[in-house]
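Engineer: Handing over target-v3.pdb, PDB, C-alpha atoms.
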MODEL        1
ATOM      1  CA  MET O 650      91.500  25.957  50.816
ATOM      2  CA  ASN O 651      92.132  22.278  51.341
ATOM      3  CA  ALA O 652      93.667  20.750  54.482
ATOM      4  CA  ARG O 653      97.236  21.031  53.174
ATOM      5  CA  ASP O 654      96.743  24.689  52.207
ATOM      6  CA  LYS O 655      95.537  25.392  55.748
ATOM      7  CA  ALA O 656      98.490  23.505  57.232
ATOM      8  CA  ILE O 657     100.943  25.577  55.142
ATOM      9  CA  VAL O 658      99.306  28.839  56.254
ATOM     10  CA  LYS O 659      99.312  27.653  59.870
ATOM     11  CA  ASP O 660     103.058  26.920  59.651
ATOM     12  CA  LEU O 661     103.684  30.344  58.080
ATOM     13  CA  GLU O 662     101.847  31.904  61.013
ATOM     14  CA  ARG O 663     103.772  29.780  63.522
ATOM     15  CA  PHE O 664     107.258  30.251  62.033
ATOM     16  CA  ARG O 665     106.573  33.795  60.643
ATOM     17  CA  CYS O 666     108.202  32.885  57.308
ATOM     18  CA  LEU O 667     109.328  29.888  55.239
ATOM     19  CA  THR O 668     111.335  29.310  52.079
ATOM     20  CA  ARG O 669     109.885  27.260  49.242
ATOM     21  CA  ASP O 670     112.248  24.415  50.185
ATOM     22  CA  ASP O 671     110.949  24.527  53.777
ATOM     23  CA  VAL O 672     107.383  24.213  52.500
ATOM     24  CA  ALA O 673     108.381  21.359  50.178
ATOM     25  CA  GLU O 674     110.103  19.461  53.004
ATOM     26  CA  LEU O 675     107.405  20.044  55.610
ATOM     27  CA  HIS O 676     104.312  19.522  53.461
ATOM     28  CA  PHE O 677     105.222  17.690  50.233
ATOM     29  CA  SER O 678     107.843  15.134  51.261
ATOM     30  CA  ASN O 679     105.410  12.306  50.478
ATOM     31  CA  VAL O 680     104.883  13.237  46.801
ATOM     32  CA  LYS O 681     106.990  12.438  43.751
ATOM     33  CA  ASN O 682     108.122  16.022  42.989
ATOM     34  CA  PRO O 683     107.961  17.985  46.270
ATOM     35  CA  VAL O 684     109.476  21.222  44.890
ATOM     36  CA  THR O 685     107.220  21.296  41.808
ATOM     37  CA  GLN O 686     104.125  20.666  43.925
ATOM     38  CA  ALA O 687     105.182  23.281  46.509
ATOM     39  CA  ASN O 688     105.719  25.853  43.745
ATOM     40  CA  MET O 689     102.249  25.238  42.312
ATOM     41  CA  VAL O 690     100.468  25.550  45.655
ATOM     42  CA  LEU O 691     102.475  28.600  46.794
ATOM     43  CA  LYS O 692     101.760  30.338  43.479
ATOM     44  CA  ARG O 693      98.034  29.699  43.901
ATOM     45  CA  LEU O 694      98.019  30.894  47.536
ATOM     46  CA  ARG O 695      99.849  34.076  46.477
ATOM     47  CA  ARG O 696      97.396  34.652  43.654
ATOM     48  CA  ASP O 697      94.513  34.338  46.130
ATOM     49  CA  ASP O 698      96.236  36.804  48.536
ATOM     50  CA  VAL O 699      96.323  34.184  51.287
ATOM     51  CA  ILE O 700     100.108  34.539  51.562
ATOM     52  CA  THR O 701     102.727  37.001  50.331
ATOM     53  CA  CYS O 702     106.315  36.674  49.175
ATOM     54  CA  ALA O 703     109.654  38.500  49.228
ATOM     55  CA  THR O 704     111.175  38.070  45.764
ATOM     56  CA  ASP O 705     114.351  40.116  46.257
ATOM     57  CA  ARG O 706     116.436  37.141  47.423
ATOM     58  CA  ARG O 707     117.777  34.192  45.482
ATOM     59  CA  LYS O 708     115.345  32.011  47.408
ATOM     60  CA  TYR O 709     111.857  33.450  47.704
ATOM     61  CA  ILE O 710     110.584  33.808  51.256
ATOM     62  CA  TYR O 711     106.894  33.384  51.996
ATOM     63  CA  PHE O 712     104.867  35.080  54.735
ATOM     64  CA  PRO O 713     101.334  34.859  56.088
ATOM     65  CA  VAL O 714      98.896  37.733  55.563
ATOM     66  CA  PRO O 715      99.159  39.699  57.761
ATOM     67  CA  GLY O 716     102.738  38.992  58.776
ATOM     68  CA  ILE O 717     106.142  40.442  59.535
ATOM     69  CA  LYS O 718     107.720  42.948  57.159
ATOM     70  CA  LYS O 719     109.414  41.475  54.103
ATOM     71  CA  ASP O 720     112.647  43.266  55.020
ATOM     72  CA  SER O 721     112.502  42.383  58.735
ATOM     73  CA  ALA O 722     115.920  41.950  60.344
ATOM     74  CA  LYS O 723     114.544  38.840  62.077
ATOM     75  CA  ILE O 724     113.927  36.805  58.909
ATOM     76  CA  GLY O 725     117.244  34.944  59.239
ATOM     77  CA  HIS O 726     116.448  34.248  62.893
ATOM     78  CA  PHE O 727     113.035  32.774  62.089
ATOM     79  CA  LEU O 728     114.482  30.652  59.267
ATOM     80  CA  ALA O 729     117.068  29.295  61.734
ATOM     81  CA  ILE O 730     114.168  28.256  63.996
ATOM     82  CA  VAL O 731     112.571  26.433  61.038
ATOM     83  CA  ASP O 732     115.861  24.613  60.389
ATOM     84  CA  PHE O 733     115.995  23.586  64.048
ATOM     85  CA  TYR O 734     112.422  22.280  63.847
ATOM     86  CA  LYS O 735     113.186  20.261  60.712
ATOM     87  CA  GLN O 736     116.260  18.726  62.354
ATOM     88  CA  ILE O 737     114.540  17.541  65.530
ATOM     89  CA  THR O 738     111.445  16.371  63.622
ATOM     90  CA  LYS O 739     113.585  13.829  61.776
ATOM     91  CA  VAL O 740     113.995  12.087  65.136
ATOM     92  CA  GLU O 741     110.583  12.751  66.651
ATOM     93  CA  VAL O 742     107.803  15.224  65.862
ATOM     94  CA  PRO O 743     107.562  17.577  68.866
ATOM     95  CA  ARG O 744     104.322  17.375  70.844
ATOM     96  CA  VAL O 745     104.489  21.179  71.278
ATOM     97  CA  PHE O 746     106.555  23.710  69.317
ATOM     98  CA  ASP O 747     105.954  27.363  70.159
ATOM     99  CA  VAL O 748     108.034  30.092  68.496
ATOM    100  CA  GLU O 749     108.964  32.992  70.796
ATOM    101  CA  PRO O 750     106.503  31.995  73.537
ATOM    102  CA  LYS O 751     105.522  34.446  76.246
ATOM    103  CA  THR O 752     106.583  33.252  79.696
ATOM    104  CA  GLY O 753     105.176  36.150  81.664
ATOM    105  CA  GLY O 754     105.867  39.830  81.987
ATOM    106  CA  LYS O 755     108.949  41.989  82.295
ATOM    107  CA  GLY O 756     112.055  40.238  83.558
ATOM    108  CA  ARG O 757     110.914  36.801  82.427
ATOM    109  CA  PRO O 758     112.879  34.663  79.949
ATOM    110  CA  GLU O 759     112.279  35.115  76.220
ATOM    111  CA  PRO O 760     113.275  31.802  74.617
ATOM    112  CA  ASP O 761     113.284  31.429  70.861
ATOM    113  CA  VAL O 762     111.371  28.164  71.191
ATOM    114  CA  PHE O 763     109.458  26.213  73.777
ATOM    115  CA  THR O 764     109.070  22.593  72.759
ATOM    116  CA  ILE O 765     108.132  19.251  74.231
ATOM    117  CA  TRP O 766     110.392  16.788  72.461
ATOM    118  CA  LYS O 767     111.583  13.296  73.359
ATOM    119  CA  GLY O 768     109.272  13.365  76.378
ATOM    120  CA  ALA O 769     110.828  16.467  77.937
ATOM    121  CA  PRO O 770     110.139  20.234  77.955
ATOM    122  CA  TRP O 771     112.832  22.522  76.486
ATOM    123  CA  PHE O 772     113.511  26.240  76.282
ATOM    124  CA  VAL O 773     115.710  26.706  73.217
ATOM    125  CA  GLU O 774     118.054  29.636  72.555
ATOM    126  CA  ILE O 775     119.184  29.685  68.920
ATOM    127  CA  GLN O 776     122.210  31.943  68.481
ATOM    128  CA  ARG O 777     123.117  33.246  65.050
ATOM    129  CA  SER O 778     125.883  35.375  66.564
ATOM    130  CA  GLN O 779     127.795  35.027  69.798
ATOM    131  CA  PHE O 780     126.346  37.002  72.695
ATOM    132  CA  SER O 781     128.513  38.832  75.202
ATOM    133  CA  ASP O 782     128.960  37.212  78.616
ATOM    134  CA  LYS O 783     126.874  40.028  80.085
ATOM    135  CA  VAL O 784     123.913  39.414  77.756
ATOM    136  CA  MET O 785     123.989  35.652  78.413
ATOM    137  CA  LEU O 786     124.279  36.246  82.163
ATOM    138  CA  GLU O 787     121.144  38.393  81.986
ATOM    139  CA  LYS O 788     119.362  35.659  80.019
ATOM    140  CA  MET O 789     120.321  32.986  82.564
ATOM    141  CA  ASN O 790     119.288  35.251  85.442
ATOM    142  CA  ARG O 791     115.831  35.654  83.876
ATOM    143  CA  TYR O 792     115.491  31.873  83.617
ATOM    144  CA  GLU O 793     116.521  31.544  87.254
ATOM    145  CA  GLN O 794     114.015  34.196  88.375
ATOM    146  CA  TYR O 795     111.322  32.335  86.455
ATOM    147  CA  TYR O 796     112.403  29.062  88.085
ATOM    148  CA  LEU O 797     112.282  30.575  91.579
ATOM    149  CA  SER O 798     108.876  32.172  90.924
ATOM    150  CA  GLY O 799     107.237  28.764  90.529
ATOM    151  CA  GLU O 800     104.948  30.213  87.845
ATOM    152  CA  TRP O 801     106.052  27.534  85.399
ATOM    153  CA  GLU O 802     104.361  24.905  87.562
ATOM    154  CA  GLN O 803     100.969  26.264  86.406
ATOM    155  CA  GLU O 804     101.650  25.782  82.689
ATOM    156  CA  PRO O 805      98.929  23.702  80.979
ATOM    157  CA  TRP O 806     101.481  21.245  79.569
ATOM    158  CA  GLN O 807     102.756  20.259  83.018
ATOM    159  CA  PRO O 808     102.216  16.618  84.008
ATOM    160  CA  ALA O 809      99.992  16.211  87.070
ATOM    161  CA  ALA O 810     102.303  13.885  88.982
ATOM    162  CA  LYS O 811     105.614  15.760  88.861
ATOM    163  CA  LYS O 812     106.244  19.354  87.802
ATOM    164  CA  LEU O 813     109.150  19.794  85.374
ATOM    165  CA  PHE O 814     111.159  22.943  84.688
ATOM    166  CA  PRO O 815     112.224  22.918  81.025
ATOM    167  CA  TYR O 816     115.821  22.183  80.124
ATOM    168  CA  VAL O 817     117.550  25.220  78.636
ATOM    169  CA  TRP O 818     119.274  24.372  75.348
ATOM    170  CA  ILE O 819     121.681  26.828  73.705
ATOM    171  CA  ILE O 820     122.651  26.050  70.125
ATOM    172  CA  GLY O 821     124.496  27.914  67.395
ATOM    173  CA  ALA O 822     127.216  30.558  67.627
ATOM    174  CA  GLY O 823     128.874  30.729  71.011
ATOM    175  CA  ALA O 824     127.291  27.535  72.341
ATOM    176  CA  GLY O 825     129.655  25.795  74.724
ATOM    177  CA  LYS O 826     131.475  29.017  75.597
ATOM    178  CA  TYR O 827     128.986  30.543  78.036
ATOM    179  CA  LYS O 828     129.230  30.244  81.809
ATOM    180  CA  THR O 829     126.022  28.557  82.886
ATOM    181  CA  GLU O 830     127.150  26.538  85.917
ATOM    182  CA  GLY O 831     125.506  26.688  89.321
ATOM    183  CA  ARG O 832     121.939  27.120  88.129
ATOM    184  CA  PRO O 833     119.014  25.215  89.709
ATOM    185  CA  PHE O 834     118.031  23.909  86.242
ATOM    186  CA  ARG O 835     119.887  22.006  83.537
ATOM    187  CA  VAL O 836     121.571  23.941  80.718
ATOM    188  CA  PHE O 837     122.861  22.216  77.583
ATOM    189  CA  GLN O 838     125.208  23.882  75.104
ATOM    190  CA  VAL O 839     125.415  21.341  72.298
ATOM    191  CA  SER O 840     124.550  21.070  68.620
ATOM    192  CA  VAL O 841     121.374  19.364  67.469
ATOM    193  CA  GLU O 842     123.478  16.457  66.165
ATOM    194  CA  ASP O 843     125.129  15.987  69.567
ATOM    195  CA  MET O 844     121.816  16.209  71.393
ATOM    196  CA  ILE O 845     120.268  13.608  69.095
ATOM    197  CA  GLN O 846     123.130  11.259  69.964
ATOM    198  CA  ARG O 847     122.545  11.915  73.680
ATOM    199  CA  VAL O 848     118.813  11.351  73.724
ATOM    200  CA  GLY O 849     118.942   8.491  71.228
ATOM    201  CA  ARG O 850     116.747   7.895  68.261
TER     202      ARG O 850
ENDMDL
END
Before anything else, please render the file you have as structure tokens.
Structural biologist:
Amino acid sequence: MNARDKAIVKDLERFRCLTRDDVAELHFSNVKNPVTQANMVLKRLRRDDVITCATDRRKYIYFPVPGIKKDSAKIGHFLAIVDFYKQITKVEVPRVFDVEPKTGGKGRPEPDVFTIWKGAPWFVEIQRSQFSDKVMLEKMNRYEQYYLSGEWEQEPWQPAAKKLFPYVWIIGAGAGKYKTEGRPFRVFQVSVEDMIQRVGR
């Protein structure tokens, strides 16, 4: 495999799955016919059993080997994370972008993404459906318990001079409707477009 093949497989492992158009945008945007080139490479990687593909949708979805099940209920969720990544990358490529990072054991937050973007750390919650107030309250309580634990100060990405607790960013369905006031950390409930306007290009 060449360097681009390896980069595609690495992204499939990171994001869990990608559409052909995702692969074209992320890895072939600098060529004359990104979709044609993506198709050729994906076909070869499938033939070599490096990746696999779900062909039962209008748009094929590609997976690493081994990977999640082709009928996983979380495919739409992971593709929404890819869309988020593509949006913020148009402004600045994140220094770190971890999908479903582990922040500790039971009772700790389970963000969809941890990223360092525009010079700041972020925990991102990407909602495809609106959560109940109870579920969001439990999520915010887990973030607060993590904040109070101080464990986040030991993360390897932390700057030496001043420890930073990540901003919590809720986007998608329900964003803006949740009660998140009174927390010891900042919570944003805005679209990617609005956030880009806030942080500036």
Engineer: Report, in Å to a single decimal, how far apart CA of Lys811 (chain O) and CA of Pro758 (chain O) are.
Structural biologist: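 Interatomic distance here is 22.1 Å.
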Engineer: Which one is closest to Val658 (chain O): O:Thr764, O:Asn790, O:Thr701, O:Ser840? Count only C-alpha atoms.
Structural biologist: O:Thr701
Engineer: Do you know which residues are at most 12 Å from Glu749 (chain O) counting only C-alpha atoms, after dropping those on the same chain fewer than 6 positions away, and could you put them as a PyMOL selection string?
Structural biologist: chain O and resi 663-665+723+726-727+730+758-764+772-775
Engineer: So how many Å separate CA of Phe712 (chain O) and CA of Ala687 (chain O), to one decimal?
Structural biologist: 14.4 Å
Engineer: Give me the residues within 12 Å of Glu741 (chain O) as a PyMOL selection string, counting all atoms listed in the file and dropping any in the same chain fewer than 5 places off.
Structural biologist: chain O and resi 734-736+746+764-769+845+848-850
Engineer: Which residue gives the smallest distance to Val784 (chain O) among O:Lys828, O:Phe814, O:Pro770, O:Trp801, with only C-alpha atoms counted?
Structural biologist: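 The shortest atom-to-atom distance to Val784 (chain O) comes from O:Lys828.
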Engineer: What is the CA of Cys666 (chain O) to CA of Tyr711 (chain O) distance in Å?
Structural biologist: 5.5 Å
Engineer: List every protein, DNA or RNA residue with an atom no more than 10 Å from (98.5, 20.0, 53.4) in the file's coordinates, counting only C-alpha atoms, and format the result as number ranges by chain.
Structural biologist: O: 650-658, 672, 675-677, 690
Engineer: Given only C-alpha atoms as the basis, pick out the residue of O:Asp660, O:Glu793, O:Asp747, O:Asp671 nearest to Arg832 (chain O).
Structural biologist: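 Result for the nearest residue to Arg832 (chain O): O:Glu793.
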Engineer: Counting all atoms listed in the file, I want the residues whose atoms come within 9 Å of (125.8, 35.8, 69.5) in the file frame, returned as a list of chain:residue names.
Structural biologist: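 In the file's frame, the residues around the point are O:Gln776, O:Arg777, O:Ser778, O:Gln779, O:Phe780, O:Ser781, O:Gly821, O:Ala822, O:Gly823, O:Ala824.
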Engineer: I'd like the contact shell of Glu804 (chain O) - 12 Å cut-off, all atoms listed in the file, skipping same-chain residues fewer than 3 positions apart - returned as a list in words.
Structural biologist: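 Residues meeting the cut-off are Lys751, Thr752, Gly753, Phe763, Pro770, Gly799, Glu800, Trp801, Gln807, Pro808, Ala809, Lys812, Leu813, Phe814 and Pro815 of chain O.
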Engineer: Given only C-alpha atoms as the basis, pick out the residue of O:Gln846, O:Gln838, O:Gln794, O:Thr668 nearest to Arg707 (chain O).
Structural biologist: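 When distances to Arg707 (chain O) are compared using only C-alpha atoms, the smallest one comes from O:Thr668.
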Engineer: With all atoms listed in the file as the atoms that count, which of O:Leu797, O:Leu667, O:Ile737, O:Met785 lies nearest to Ile819 (chain O)?
Structural biologist: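 Using all atoms listed in the file, the shortest distance to Ile819 (chain O) belongs to O:Met785.
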Engineer: Return the single residue from O:Arg669, O:Arg791, O:Phe837, O:Leu728 that is closest to Val684 (chain O), with distances computed using only C-alpha atoms.
Structural biologist: O:Arg669
